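> Just query_22.cif, nothing more (mmCIF, C-alpha atoms and all ligand atoms):
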```cif
data_target
loop_
_atom_site.label_atom_id
_atom_site.label_comp_id
_atom_site.auth_asym_id
_atom_site.auth_seq_id
_atom_site.Cartn_x
_atom_site.Cartn_y
_atom_site.Cartn_z
CA MET V 1 81.14 145.97 73.13
CA ALA V 2 81.35 147.13 69.51
CA SER V 3 84.86 147.25 68.12
CA PHE V 4 86.13 150.57 66.83
CA SER V 5 89.73 149.50 66.36
CA ASN V 6 89.34 149.76 62.59
CA ILE V 7 87.97 153.31 62.96
CA ASP V 8 90.68 155.90 63.24
CA ALA V 9 90.06 158.13 66.23
CA THR V 10 89.90 161.25 64.12
CA ALA V 11 87.26 163.77 63.20
CA GLU V 12 86.95 162.02 59.83
CA GLY V 13 86.40 158.68 61.55
CA ALA V 14 83.55 160.20 63.57
CA MET V 15 82.06 161.78 60.47
CA GLY V 16 82.16 158.41 58.77
CA LEU V 17 80.21 156.87 61.66
CA ASP V 18 77.67 159.69 61.44
CA ALA V 19 77.31 159.22 57.70
CA ALA V 20 76.63 155.51 58.22
CA ASP V 21 74.14 156.14 61.05
CA PRO V 22 70.60 155.36 59.85
CA LEU V 23 69.19 157.58 62.63
CA ARG V 24 71.36 160.65 61.94
CA ALA V 25 68.40 162.70 60.63
CA LEU V 26 66.57 162.51 63.98
CA ARG V 27 68.80 165.25 65.38
CA GLU V 28 66.98 167.67 63.06
CA LEU V 29 63.77 166.98 64.95
CA PHE V 30 65.18 168.68 68.07
CA HIS V 31 66.31 172.15 69.09
CA ILE V 32 70.01 171.91 69.94
CA PRO V 33 71.17 174.76 72.24
CA VAL V 34 74.05 176.84 70.84
CA THR V 35 77.04 178.51 72.47
CA SER V 36 77.47 182.29 72.48
CA ALA V 37 79.70 181.76 69.44
CA GLY V 38 76.77 180.13 67.65
CA GLN V 39 78.10 176.58 67.67
CA ASP V 40 75.95 173.61 68.73
CA VAL V 41 76.74 172.69 72.32
CA ILE V 42 77.67 169.11 73.07
CA TYR V 43 74.54 168.21 74.98
CA PHE V 44 75.21 165.19 77.19
CA THR V 45 72.48 165.92 79.72
CA GLY V 46 69.48 164.24 78.17
CA ASN V 47 69.44 162.06 81.30
CA SER V 48 68.57 165.16 83.28
CA LEU V 49 66.45 167.23 80.90
CA GLY V 50 65.82 166.00 77.37
CA LEU V 51 65.93 168.52 74.51
CA GLN V 52 62.85 170.08 73.01
CA PRO V 53 61.36 168.39 69.94
CA ARG V 54 60.65 170.94 67.21
CA SER V 55 57.07 169.62 67.08
CA THR V 56 56.38 170.48 70.73
CA ARG V 57 55.53 174.14 70.24
CA ASN V 58 52.69 173.38 67.83
CA ALA V 59 51.32 170.64 70.05
CA VAL V 60 51.21 172.99 73.04
CA ASN V 61 49.84 175.85 70.93
CA GLU V 62 46.96 173.68 69.83
CA VAL V 63 45.84 173.34 73.44
CA LEU V 64 46.39 177.05 74.10
CA ASP V 65 44.31 177.95 71.04
CA ASP V 66 41.49 175.63 72.01
CA TRP V 67 41.46 177.08 75.50
CA LYS V 68 41.47 180.62 74.11
CA GLU V 69 38.57 179.89 71.78
CA LEU V 70 36.51 177.39 73.72
CA GLY V 71 37.09 177.96 77.41
CA VAL V 72 35.67 175.12 79.43
CA ASP V 73 34.08 173.58 76.34
CA GLY V 74 37.56 172.44 75.34
CA HIS V 75 37.05 169.47 77.67
CA LEU V 76 34.71 168.00 75.06
CA LYS V 77 35.13 170.12 71.93
CA ALA V 78 38.86 170.79 71.63
CA LYS V 79 40.57 169.36 68.56
CA ASN V 80 41.80 166.70 70.93
CA PRO V 81 39.31 166.93 73.81
CA TRP V 82 40.94 167.41 77.20
CA LEU V 83 38.71 165.04 79.11
CA PRO V 84 40.20 161.90 77.54
CA TYR V 85 43.45 163.67 76.48
CA HIS V 86 45.72 161.42 78.55
CA GLU V 87 44.37 158.38 76.72
CA ARG V 88 46.14 159.59 73.56
CA LEU V 89 49.46 158.91 75.27
CA THR V 90 48.70 155.48 76.65
CA SER V 91 49.62 153.20 73.78
CA GLY V 92 52.88 155.01 73.00
CA MET V 93 53.91 154.98 76.63
CA ALA V 94 52.80 151.38 77.16
CA SER V 95 54.90 150.16 74.26
CA LEU V 96 57.97 152.06 75.54
CA VAL V 97 57.83 150.25 78.88
CA GLY V 98 56.55 146.91 77.61
CA ALA V 99 53.13 147.05 79.24
CA LEU V 100 49.54 146.40 78.34
CA PRO V 101 47.72 149.68 77.73
CA GLU V 102 45.56 149.13 80.84
CA GLU V 103 48.72 148.84 82.93
CA VAL V 104 49.92 152.40 82.24
CA VAL V 105 48.75 155.93 82.93
CA ILE V 106 50.38 159.37 82.90
CA MET V 107 49.75 161.37 86.07
CA ASN V 108 51.38 163.65 88.67
CA SER V 109 55.13 163.65 89.08
CA LEU V 110 57.54 160.87 89.88
CA THR V 111 58.10 161.11 93.62
CA VAL V 112 54.40 161.72 94.21
CA ASN V 113 53.65 158.58 92.22
CA LEU V 114 56.17 156.54 94.18
CA HIS V 115 54.33 157.53 97.33
CA LEU V 116 50.93 156.68 95.87
CA LEU V 117 52.17 153.32 94.68
CA MET V 118 53.79 152.57 98.01
CA ALA V 119 50.47 153.42 99.64
CA SER V 120 49.14 150.45 97.69
CA PHE V 121 52.10 148.09 97.63
CA TYR V 122 54.15 148.72 100.76
CA LYS V 123 52.16 146.98 103.42
CA PRO V 124 54.47 146.18 106.32
CA GLY V 125 53.04 143.51 108.56
CA GLY V 126 54.33 140.94 111.04
CA LEU V 127 58.01 140.28 110.39
CA LYS V 128 57.83 141.59 106.83
CA ARG V 129 58.47 145.31 107.25
CA LYS V 130 61.66 146.28 105.49
CA ILE V 131 62.28 148.08 102.23
CA LEU V 132 65.32 147.17 100.15
CA ILE V 133 66.92 149.84 97.94
CA GLU V 134 70.28 150.18 96.24
CA HIS V 135 73.28 152.26 97.35
CA HIS V 136 73.32 155.48 95.29
CA ALA V 137 69.55 155.42 94.88
CA PHE V 138 68.39 158.89 93.89
CA PRO V 139 68.06 161.05 97.03
CA SER V 140 64.35 161.66 96.46
CA ASP V 141 63.74 157.91 96.51
CA ARG V 142 65.65 157.60 99.77
CA TYR V 143 63.62 160.38 101.35
CA ALA V 144 60.45 158.79 100.03
CA VAL V 145 61.10 155.29 101.38
CA ARG V 146 62.34 156.54 104.75
CA SER V 147 59.26 158.69 105.16
CA GLN V 148 56.99 155.80 104.13
CA ILE V 149 58.56 153.61 106.80
CA ALA V 150 58.18 156.35 109.40
CA TRP V 151 54.62 157.05 108.27
CA HIS V 152 53.77 153.45 109.13
CA GLY V 153 55.11 154.12 112.64
CA LEU V 154 58.32 152.19 112.04
CA ASP V 155 61.96 153.18 112.47
CA PRO V 156 63.69 153.86 109.14
CA ALA V 157 67.09 153.10 110.68
CA GLU V 158 65.91 149.56 111.36
CA ASN V 159 63.71 148.97 108.36
CA LEU V 160 65.63 150.30 105.40
CA ILE V 161 68.24 148.07 103.78
CA VAL V 162 70.61 149.98 101.51
CA LEU V 163 72.42 147.29 99.58
CA GLY V 164 76.06 148.07 98.77
CA GLU V 165 76.29 151.05 101.12
CA GLU V 166 78.58 149.45 103.65
CA GLU V 167 81.08 148.50 100.94
CA ASN V 168 80.46 151.80 99.11
CA LEU V 169 79.98 149.98 95.82
CA ASP V 170 79.62 151.88 92.56
CA VAL V 171 77.89 148.97 90.89
CA LEU V 172 75.75 146.25 92.44
CA ASP V 173 75.72 142.66 91.29
CA GLU V 174 72.29 141.13 90.81
CA SER V 175 73.62 138.11 92.70
CA SER V 176 74.04 140.24 95.84
CA ILE V 177 70.38 141.28 95.58
CA GLU V 178 69.45 137.63 95.16
CA SER V 179 71.43 136.57 98.24
CA GLU V 180 69.97 139.37 100.34
CA LEU V 181 66.47 138.30 99.32
CA ALA V 182 67.21 134.63 99.91
CA GLU V 183 68.74 135.29 103.33
CA ASN V 184 66.49 138.02 104.70
CA GLY V 185 63.40 137.84 102.50
CA GLU V 186 61.11 137.00 105.40
CA GLU V 187 61.79 140.49 106.82
CA ILE V 188 61.49 142.36 103.52
CA ALA V 189 58.15 143.73 102.34
CA LEU V 190 59.24 145.77 99.32
CA LEU V 191 62.14 146.09 96.93
CA LEU V 192 62.43 149.45 95.16
CA ILE V 193 65.31 149.88 92.74
CA GLY V 194 66.22 152.24 89.93
CA GLY V 195 66.03 150.21 86.70
CA VAL V 196 69.01 152.24 85.51
CA ASN V 197 70.93 153.76 88.39
CA TYR V 198 71.18 157.55 88.06
CA TYR V 199 74.70 157.68 89.49
CA SER V 200 76.57 154.81 87.85
CA GLY V 201 74.42 154.33 84.76
CA GLN V 202 74.15 150.63 85.64
CA LEU V 203 71.23 148.83 83.99
CA PHE V 204 69.80 146.17 86.27
CA ASP V 205 68.47 142.83 85.12
CA MET V 206 64.92 143.61 86.15
CA ARG V 207 63.52 140.25 85.12
CA ARG V 208 66.01 138.42 87.29
CA ILE V 209 65.53 140.72 90.28
CA THR V 210 61.75 140.44 90.04
CA GLN V 211 61.96 136.68 89.96
CA ALA V 212 64.20 136.59 93.02
CA ALA V 213 61.95 138.99 94.92
CA HIS V 214 58.81 137.06 94.12
CA ASP V 215 60.51 133.83 95.20
CA ALA V 216 60.96 135.55 98.57
CA ARG V 217 57.35 136.87 98.53
CA VAL V 218 58.60 140.45 98.21
CA MET V 219 56.76 143.16 96.23
CA VAL V 220 58.82 144.69 93.43
CA GLY V 221 58.75 148.28 92.22
CA PHE V 222 61.16 149.98 89.84
CA ASP V 223 61.97 153.64 89.52
CA LEU V 224 62.46 154.01 85.78
CA ALA V 225 63.44 157.70 85.72
CA HIS V 226 66.66 156.76 83.91
CA ALA V 227 65.31 153.76 82.05
CA ALA V 228 62.14 154.93 80.29
CA GLY V 229 63.05 156.02 76.77
CA ASN V 230 66.61 154.82 77.34
CA VAL V 231 66.49 151.01 77.29
CA PRO V 232 63.91 148.47 76.09
CA LEU V 233 61.61 147.37 78.90
CA ALA V 234 59.14 144.50 79.27
CA LEU V 235 57.45 145.25 82.57
CA HIS V 236 54.43 143.06 81.93
CA ASP V 237 56.37 139.98 80.89
CA TRP V 238 58.89 140.45 83.69
CA ASP V 239 55.95 140.37 86.10
CA VAL V 240 57.00 143.61 87.83
CA ASP V 241 54.40 144.69 90.40
CA PHE V 242 54.63 148.43 89.83
CA ALA V 243 56.88 151.10 88.37
CA ALA V 244 57.04 154.87 88.04
CA TRP V 245 59.10 157.23 85.90
CA CYS V 246 59.36 160.88 84.95
CA SER V 247 59.04 162.17 81.41
CA TYR V 248 61.47 165.09 81.29
CA LYS V 249 64.70 163.06 81.09
CA TYR V 250 65.04 160.67 78.12
CA LEU V 251 61.38 161.28 77.25
CA ASN V 252 61.85 165.00 76.44
CA ALA V 253 58.55 166.27 77.84
CA GLY V 254 60.10 169.47 79.18
CA PRO V 255 60.72 170.68 82.75
CA GLY V 256 58.34 169.17 85.29
CA GLY V 257 56.65 167.03 82.63
CA PRO V 258 53.99 164.61 83.88
CA ALA V 259 55.08 161.18 85.09
CA GLY V 260 54.09 157.63 84.22
CA ILE V 261 53.07 154.67 86.32
CA PHE V 262 52.79 150.96 85.66
CA VAL V 263 50.58 148.69 87.72
CA HIS V 264 50.66 145.03 86.70
CA GLU V 265 47.25 143.81 85.58
CA SER V 266 47.25 141.24 88.37
CA HIS V 267 46.90 144.20 90.80
CA GLY V 268 45.18 146.65 88.50
CA ASN V 269 42.23 144.33 88.02
CA ASP V 270 41.83 143.87 91.74
CA PRO V 271 39.51 146.58 93.13
CA ASP V 272 40.44 145.54 96.65
CA VAL V 273 44.02 146.76 96.39
CA PRO V 274 44.08 149.68 98.84
CA ARG V 275 44.77 153.06 97.29
CA LEU V 276 44.54 156.77 97.95
CA ALA V 277 41.63 157.76 95.78
CA GLY V 278 40.58 160.85 93.84
CA TRP V 279 37.78 161.56 91.39
CA TRP V 280 39.91 161.04 88.27
CA GLY V 281 40.43 157.40 89.20
CA HIS V 282 36.68 156.86 89.43
CA ASP V 283 34.68 155.00 86.80
CA LYS V 284 34.42 157.32 83.80
CA THR V 285 30.76 156.68 83.07
CA SER V 286 29.62 157.94 86.46
CA ARG V 287 32.44 160.39 87.32
CA PHE V 288 30.38 163.47 86.55
CA THR V 289 27.28 162.30 88.35
CA MET V 290 29.49 162.76 91.40
CA PRO V 291 28.41 159.63 93.27
CA ASP V 292 29.28 159.20 96.89
CA GLU V 293 30.99 155.85 96.57
CA PHE V 294 34.42 155.51 94.87
CA ASN V 295 34.44 152.92 92.13
CA PRO V 296 37.92 152.69 90.60
CA ILE V 297 38.56 152.36 86.88
CA THR V 298 40.06 148.95 86.16
CA GLY V 299 43.82 149.09 85.57
CA ALA V 300 46.40 151.81 86.19
CA GLU V 301 43.90 154.59 85.45
CA GLY V 302 42.23 153.71 88.73
CA TRP V 303 45.26 155.23 90.51
CA GLN V 304 44.66 158.69 89.04
CA MET V 305 43.60 161.32 91.56
CA SER V 306 43.39 164.63 89.74
CA ASN V 307 42.64 165.81 86.24
CA PRO V 308 46.01 166.02 84.46
CA PRO V 309 47.98 169.02 83.10
CA VAL V 310 46.90 168.99 79.46
CA LEU V 311 49.48 171.55 78.27
CA SER V 312 52.24 169.30 79.58
CA LEU V 313 50.59 166.20 78.19
CA ALA V 314 50.64 167.86 74.77
CA ALA V 315 54.40 168.39 75.04
CA LEU V 316 54.94 164.79 76.09
CA LYS V 317 52.73 163.52 73.28
CA SER V 318 54.87 165.30 70.68
CA SER V 319 57.94 163.52 72.00
CA LEU V 320 56.26 160.10 72.26
CA ASP V 321 55.36 160.45 68.58
CA VAL V 322 59.07 160.69 67.77
CA PHE V 323 59.76 157.51 69.75
CA GLU V 324 56.91 155.75 68.03
CA SER V 325 58.22 156.63 64.59
CA VAL V 326 61.72 155.29 65.35
CA GLY V 327 61.14 152.40 67.73
CA MET V 328 63.10 151.61 70.86
CA ASP V 329 65.07 148.77 69.26
CA ALA V 330 66.67 151.02 66.63
CA LEU V 331 67.41 153.65 69.28
CA ARG V 332 68.98 151.08 71.54
CA GLU V 333 71.20 149.79 68.76
CA LYS V 334 72.56 153.28 68.10
CA SER V 335 72.75 154.03 71.81
CA ILE V 336 75.07 151.11 72.50
CA LYS V 337 77.27 152.01 69.55
CA LEU V 338 77.45 155.65 70.55
CA SER V 339 78.33 155.03 74.19
CA ASP V 340 80.82 152.30 73.23
CA TYR V 341 82.47 154.75 70.83
CA LEU V 342 82.70 157.44 73.51
CA ARG V 343 84.15 154.89 75.92
CA TYR V 344 86.68 153.77 73.30
CA LEU V 345 87.86 157.34 72.70
CA ILE V 346 88.16 158.11 76.40
CA GLU V 347 89.95 154.89 77.27
CA LYS V 348 92.33 155.31 74.36
CA THR V 349 94.00 158.32 75.91
CA LEU V 350 92.80 158.95 79.45
CA THR V 351 92.87 155.70 81.43
CA ASP V 352 95.28 157.23 83.94
CA ARG V 353 93.04 160.24 84.50
CA VAL V 354 89.51 158.84 84.56
CA GLU V 355 87.87 155.55 85.46
CA ILE V 356 84.56 154.70 83.82
CA ILE V 357 82.43 153.20 86.58
CA THR V 358 79.52 152.31 84.30
CA PRO V 359 79.56 148.57 83.51
CA ARG V 360 81.14 147.74 80.14
CA LEU V 361 78.70 145.05 79.01
CA ALA V 362 75.89 146.40 76.83
CA SER V 363 73.34 144.38 78.81
CA ARG V 364 74.39 146.31 81.92
CA HIS V 365 74.22 149.92 80.77
CA GLY V 366 72.02 152.42 78.96
CA ALA V 367 72.99 155.69 77.32
CA GLN V 368 75.02 157.00 80.23
CA LEU V 369 78.72 156.84 81.04
CA SER V 370 79.80 157.88 84.53
CA LEU V 371 83.44 158.88 84.82
CA ARG V 372 85.34 159.09 88.05
CA VAL V 373 88.02 161.74 87.74
CA LEU V 374 91.13 160.29 89.37
CA PRO V 375 93.44 162.48 91.43
CA GLY V 376 96.37 163.65 89.28
CA GLU V 377 99.99 163.19 90.33
CA ASN V 378 100.35 166.66 91.79
CA ASN V 379 96.61 167.11 92.28
CA THR V 380 96.48 170.42 90.47
CA ILE V 381 93.49 169.45 88.34
CA SER V 382 90.42 168.47 90.27
CA GLY V 383 87.33 166.91 88.76
CA ARG V 384 85.48 170.12 89.33
CA THR V 385 88.14 172.00 87.31
CA VAL V 386 87.65 169.52 84.49
CA PHE V 387 83.90 170.03 84.58
CA ASP V 388 84.28 173.82 84.59
CA TYR V 389 86.63 173.61 81.63
CA LEU V 390 84.17 171.46 79.66
CA GLU V 391 81.43 173.95 80.39
CA SER V 392 83.62 176.84 79.23
CA VAL V 393 84.16 175.18 75.84
CA GLY V 394 80.48 174.50 75.20
CA THR V 395 79.70 171.11 76.70
CA ILE V 396 76.74 170.54 78.97
CA CYS V 397 77.24 167.50 81.16
CA ASP V 398 76.70 166.78 84.83
CA TRP V 399 78.95 166.90 87.87
CA ARG V 400 78.30 164.95 91.08
CA GLU V 401 80.49 165.68 94.07
CA PRO V 402 83.04 164.55 94.89
CA ASP V 403 84.40 163.08 91.67
CA ILE V 404 81.81 161.89 89.11
CA LEU V 405 81.16 163.29 85.64
CA ARG V 406 77.99 161.94 84.06
CA LEU V 407 77.66 161.91 80.29
CA ALA V 408 74.56 160.86 78.41
CA PRO V 409 75.05 160.47 74.67
CA VAL V 410 71.42 160.24 73.60
CA PRO V 411 70.76 158.38 70.35
CA LEU V 412 67.89 160.68 69.32
CA TYR V 413 70.00 163.80 68.98
CA ASN V 414 73.65 163.13 69.80
CA SER V 415 76.14 162.28 67.09
CA PHE V 416 79.42 160.40 66.86
CA THR V 417 80.97 163.80 66.16
CA ASP V 418 79.66 164.98 69.54
CA ALA V 419 81.47 162.05 71.13
CA PHE V 420 84.65 162.83 69.23
CA ARG V 421 84.59 166.53 70.08
CA PHE V 422 83.90 165.70 73.71
CA ALA V 423 86.84 163.30 73.98
CA ARG V 424 89.12 166.00 72.56
CA GLN V 425 87.84 168.54 75.07
CA LEU V 426 88.32 166.10 77.91
CA GLU V 427 91.93 165.58 76.88
CA GLU V 428 92.45 169.34 76.72
CA ALA V 429 90.90 169.70 80.16
CA PHE V 430 93.82 167.76 81.62
CA ARG V 431 96.48 169.38 79.49
CA PRO V 432 97.38 172.50 81.53
CA GLU V 433 98.55 170.28 84.38
CA GLU V 434 100.80 168.30 82.09
CA THR V 435 102.40 171.38 80.57
CA SER V 436 102.89 172.99 83.99
CA SER V 437 104.50 169.91 85.56
C1 LIG V 501 65.08 162.41 88.34
C2 LIG V 501 64.70 161.44 89.37
C3 LIG V 501 63.71 161.73 90.30
C4 LIG V 501 63.04 163.09 90.32
O1 LIG V 501 61.84 163.08 90.97
P1 LIG V 501 60.68 164.14 90.64
O2 LIG V 501 59.61 163.71 91.54
O3 LIG V 501 60.39 164.02 89.18
O4 LIG V 501 61.20 165.52 90.94
C5 LIG V 501 63.37 160.75 91.23
N1 LIG V 501 63.98 159.54 91.21
C6 LIG V 501 64.96 159.24 90.34
C7 LIG V 501 65.61 157.89 90.35
C8 LIG V 501 65.36 160.18 89.40
O5 LIG V 501 66.35 159.90 88.54
#
```
Reformat the file's structure so that it appears as structure tokens.

Amino acid sequence: MASFSNIDATAEGAMGLDAADPLRALRELFHIPVTSAGQDVIYFTGNSLGLQPRSTRNAVNEVLDDWKELGVDGHLKAKNPWLPYHERLTSGMASLVGALPEEVVIMNSLTVNLHLLMASFYKPGGLKRKILIEHHAFPSDRYAVRSQIAWHGLDPAENLIVLGEEENLDVLDESSIESELAENGEEIALLLIGGVNYYSGQLFDMRRITQAAHDARVMVGFDLAHAAGNVPLALHDWDVDFAAWCSYKYLNAGPGGPAGIFVHESHGNDPDVPRLAGWWGHDKTSRFTMPDEFNPITGAEGWQMSNPPVLSLAALKSSLDVFESVGMDALREKSIKLSDYLRYLIEKTLTDRVEIITPRLASRHGAQLSLRVLPGENNTISGRTVFDYLESVGTICDWREPDILRLAPVPLYNSFTDAFRFARQLEEAFRPEETSS
């Protein structure tokens, strides 16, 4: 953790950190929502919906104009022809997740992609039938894995292992995943874990988990909804089997933006991997001769089913360009500093009121801090009251019942001053109780 003890916890201290931040100008590339009083909100919800890059409108308008002027001919004659449009996003996306270009494609939405990938990589057979997920996995992932198990004619109650649920853990040690795999691996077919957990903000050691799973002959998939665009990833080198992520959180593609998938080349180059097919995954040279037989494109593109939403791809492309110009390493460096600074400010004054459940070590967290609001002495201020107060003073963050506030200081557009202002507001949120008691 970075040390801020030589930085005075004042507005001037925060301004000094902003002045010294080499990435401070990036904020200007985004639209920051404003309060009714015209002040920038403190936007700590980039883990839920990233802000709009200023370049997005033009990128989308280009597609709209081409459509207006060319109609169907835009597929081949648009400024950036729609037919291969998704290919423009491949290298930027591949480098963000540490993949070979052939291992990545943008298609559909996240939960849909998880299902399509499980259709290929969850193959319960013999004793090996179970799926292992983490406690506090995103609800959609739980629904998805349970329904996959049931769809194979198996009982989800018997075949889903939710690690950490019994103990109600906030954070899961990699060693507990390793022991589960070592002890029960012969019954486990698939491990599906959020690379960064949406609830706690915990960053898992994906290399280590993959290794342990493969040692137990278990397929490994990661849901990277909270990891893509947040932390550096090396999916290819880590030997991950598959992954999927959405693009509207840290990747700023806008609501419902198209999702990404990763299929390791060891599977992507194997035409015999079973899959649910559609014409967009078919060999490009013969796709429009409409042959009877499906012949998949080599690599992740062979998992495509439908032609993609080009307007949304344009929005995503404008955001990927920002990432490409900065680089994930520089973003990560600022991200750690920013979240450490926010943690420092909160812990300086509020340790009796909130507990930060996100792991402290930089290697174990991304841009998010999850705060548990502790019950006050006379219980007059609930977590929900705190959240409502923050909202009333122009902060957008996230509340999870019963007691978790999630904050995502995003290095692209959040500042140290945001962190400072937030910490002040949080203190004020607890103040009425203290004055009334
Ligand atoms: C946000 C999120 C989703 C959302 O799924 P969609 O299919 O994009 O609606 C799923 N899983 C995780 C882990 C998420 O964080």
> By how many Å are atom CA of Gln425 of chain V and atom CA of Leu390 of chain V apart?
6.6 Å
> Using only C-alpha atoms and all ligand atoms, find each residue of chain V with at least one atom at most 10 Å away from an atom of ligand LIG 501 (chain V); report its shortest atom-to-atom pair and that distance in Å (one decimal), sort the rows by chain and rising residue number, and return the result as JSON lines.

```
{"residue": "V:Asn47", "atom": "CA", "partner": "V:LIG501", "partner_atom": "O5", "distance": 8.2}
{"residue": "V:Ser48", "atom": "CA", "partner": "V:LIG501", "partner_atom": "C1", "distance": 6.7}
{"residue": "V:Leu49", "atom": "CA", "partner": "V:LIG501", "partner_atom": "C1", "distance": 9.0}
{"residue": "V:Asn108", "atom": "CA", "partner": "V:LIG501", "partner_atom": "O2", "distance": 8.7}
{"residue": "V:Ser109", "atom": "CA", "partner": "V:LIG501", "partner_atom": "O2", "distance": 5.1}
{"residue": "V:Leu110", "atom": "CA", "partner": "V:LIG501", "partner_atom": "O2", "distance": 3.9}
{"residue": "V:Thr111", "atom": "CA", "partner": "V:LIG501", "partner_atom": "O2", "distance": 3.7}
{"residue": "V:Val112", "atom": "CA", "partner": "V:LIG501", "partner_atom": "O2", "distance": 6.2}
{"residue": "V:Asn113", "atom": "CA", "partner": "V:LIG501", "partner_atom": "O2", "distance": 7.9}
{"residue": "V:Leu114", "atom": "CA", "partner": "V:LIG501", "partner_atom": "O2", "distance": 8.4}
{"residue": "V:His115", "atom": "CA", "partner": "V:LIG501", "partner_atom": "O2", "distance": 10.0}
{"residue": "V:His136", "atom": "CA", "partner": "V:LIG501", "partner_atom": "C7", "distance": 9.5}
{"residue": "V:Ala137", "atom": "CA", "partner": "V:LIG501", "partner_atom": "C7", "distance": 6.5}
{"residue": "V:Phe138", "atom": "CA", "partner": "V:LIG501", "partner_atom": "C7", "distance": 4.6}
{"residue": "V:Pro139", "atom": "CA", "partner": "V:LIG501", "partner_atom": "N1", "distance": 7.3}
{"residue": "V:Ser140", "atom": "CA", "partner": "V:LIG501", "partner_atom": "C5", "distance": 5.4}
{"residue": "V:Asp141", "atom": "CA", "partner": "V:LIG501", "partner_atom": "N1", "distance": 5.6}
{"residue": "V:Arg142", "atom": "CA", "partner": "V:LIG501", "partner_atom": "N1", "distance": 8.9}
{"residue": "V:Ala144", "atom": "CA", "partner": "V:LIG501", "partner_atom": "C5", "distance": 9.5}
{"residue": "V:Ile193", "atom": "CA", "partner": "V:LIG501", "partner_atom": "C7", "distance": 8.4}
{"residue": "V:Gly194", "atom": "CA", "partner": "V:LIG501", "partner_atom": "C7", "distance": 5.7}
{"residue": "V:Gly195", "atom": "CA", "partner": "V:LIG501", "partner_atom": "C7", "distance": 8.5}
{"residue": "V:Val196", "atom": "CA", "partner": "V:LIG501", "partner_atom": "C7", "distance": 8.2}
{"residue": "V:Asn197", "atom": "CA", "partner": "V:LIG501", "partner_atom": "C7", "distance": 7.0}
{"residue": "V:Tyr198", "atom": "CA", "partner": "V:LIG501", "partner_atom": "O5", "distance": 5.4}
{"residue": "V:Tyr199", "atom": "CA", "partner": "V:LIG501", "partner_atom": "O5", "distance": 8.7}
{"residue": "V:Phe222", "atom": "CA", "partner": "V:LIG501", "partner_atom": "C7", "distance": 9.1}
{"residue": "V:Asp223", "atom": "CA", "partner": "V:LIG501", "partner_atom": "C7", "distance": 5.7}
{"residue": "V:Leu224", "atom": "CA", "partner": "V:LIG501", "partner_atom": "C7", "distance": 6.8}
{"residue": "V:Ala225", "atom": "CA", "partner": "V:LIG501", "partner_atom": "O5", "distance": 4.6}
{"residue": "V:His226", "atom": "CA", "partner": "V:LIG501", "partner_atom": "O5", "distance": 5.6}
{"residue": "V:Ala227", "atom": "CA", "partner": "V:LIG501", "partner_atom": "O5", "distance": 9.0}
{"residue": "V:Ala244", "atom": "CA", "partner": "V:LIG501", "partner_atom": "N1", "distance": 8.9}
{"residue": "V:Trp245", "atom": "CA", "partner": "V:LIG501", "partner_atom": "N1", "distance": 7.6}
{"residue": "V:Cys246", "atom": "CA", "partner": "V:LIG501", "partner_atom": "O3", "distance": 5.4}
{"residue": "V:Ser247", "atom": "CA", "partner": "V:LIG501", "partner_atom": "O3", "distance": 8.1}
{"residue": "V:Tyr248", "atom": "CA", "partner": "V:LIG501", "partner_atom": "O3", "distance": 8.0}
{"residue": "V:Lys249", "atom": "CA", "partner": "V:LIG501", "partner_atom": "C1", "distance": 7.3}
{"residue": "V:Pro255", "atom": "CA", "partner": "V:LIG501", "partner_atom": "O3", "distance": 9.3}
{"residue": "V:Gly256", "atom": "CA", "partner": "V:LIG501", "partner_atom": "O3", "distance": 6.8}
{"residue": "V:Gly257", "atom": "CA", "partner": "V:LIG501", "partner_atom": "O3", "distance": 8.1}
{"residue": "V:Pro258", "atom": "CA", "partner": "V:LIG501", "partner_atom": "O3", "distance": 8.3}
{"residue": "V:Ala259", "atom": "CA", "partner": "V:LIG501", "partner_atom": "O3", "distance": 7.3}
```
> Please provide the set of residues having any atom within 12 Å of Asp270 of chain V, restricted to all atoms listed in the file, with same-chain residues fewer than 2 positions apart removed, written as a PDB file with C-alpha atoms, keeping the file's coordinate frame.

```pdb
ATOM      1  CA  SER V 120      49.140 150.450  97.690  1.00  0.00           C
ATOM      2  CA  VAL V 263      50.580 148.690  87.720  1.00  0.00           C
ATOM      3  CA  HIS V 264      50.660 145.030  86.700  1.00  0.00           C
ATOM      4  CA  GLU V 265      47.250 143.810  85.580  1.00  0.00           C
ATOM      5  CA  SER V 266      47.250 141.240  88.370  1.00  0.00           C
ATOM      6  CA  HIS V 267      46.900 144.200  90.800  1.00  0.00           C
ATOM      7  CA  GLY V 268      45.180 146.650  88.500  1.00  0.00           C
ATOM      8  CA  ASP V 272      40.440 145.540  96.650  1.00  0.00           C
ATOM      9  CA  VAL V 273      44.020 146.760  96.390  1.00  0.00           C
ATOM     10  CA  PRO V 274      44.080 149.680  98.840  1.00  0.00           C
ATOM     11  CA  ARG V 275      44.770 153.060  97.290  1.00  0.00           C
ATOM     12  CA  ASN V 295      34.440 152.920  92.130  1.00  0.00           C
ATOM     13  CA  PRO V 296      37.920 152.690  90.600  1.00  0.00           C
ATOM     14  CA  ILE V 297      38.560 152.360  86.880  1.00  0.00           C
ATOM     15  CA  THR V 298      40.060 148.950  86.160  1.00  0.00           C
ATOM     16  CA  GLY V 299      43.820 149.090  85.570  1.00  0.00           C
ATOM     17  CA  ALA V 300      46.400 151.810  86.190  1.00  0.00           C
ATOM     18  CA  GLY V 302      42.230 153.710  88.730  1.00  0.00           C
ATOM     19  CA  TRP V 303      45.260 155.230  90.510  1.00  0.00           C
TER      20      TRP V 303
END
```
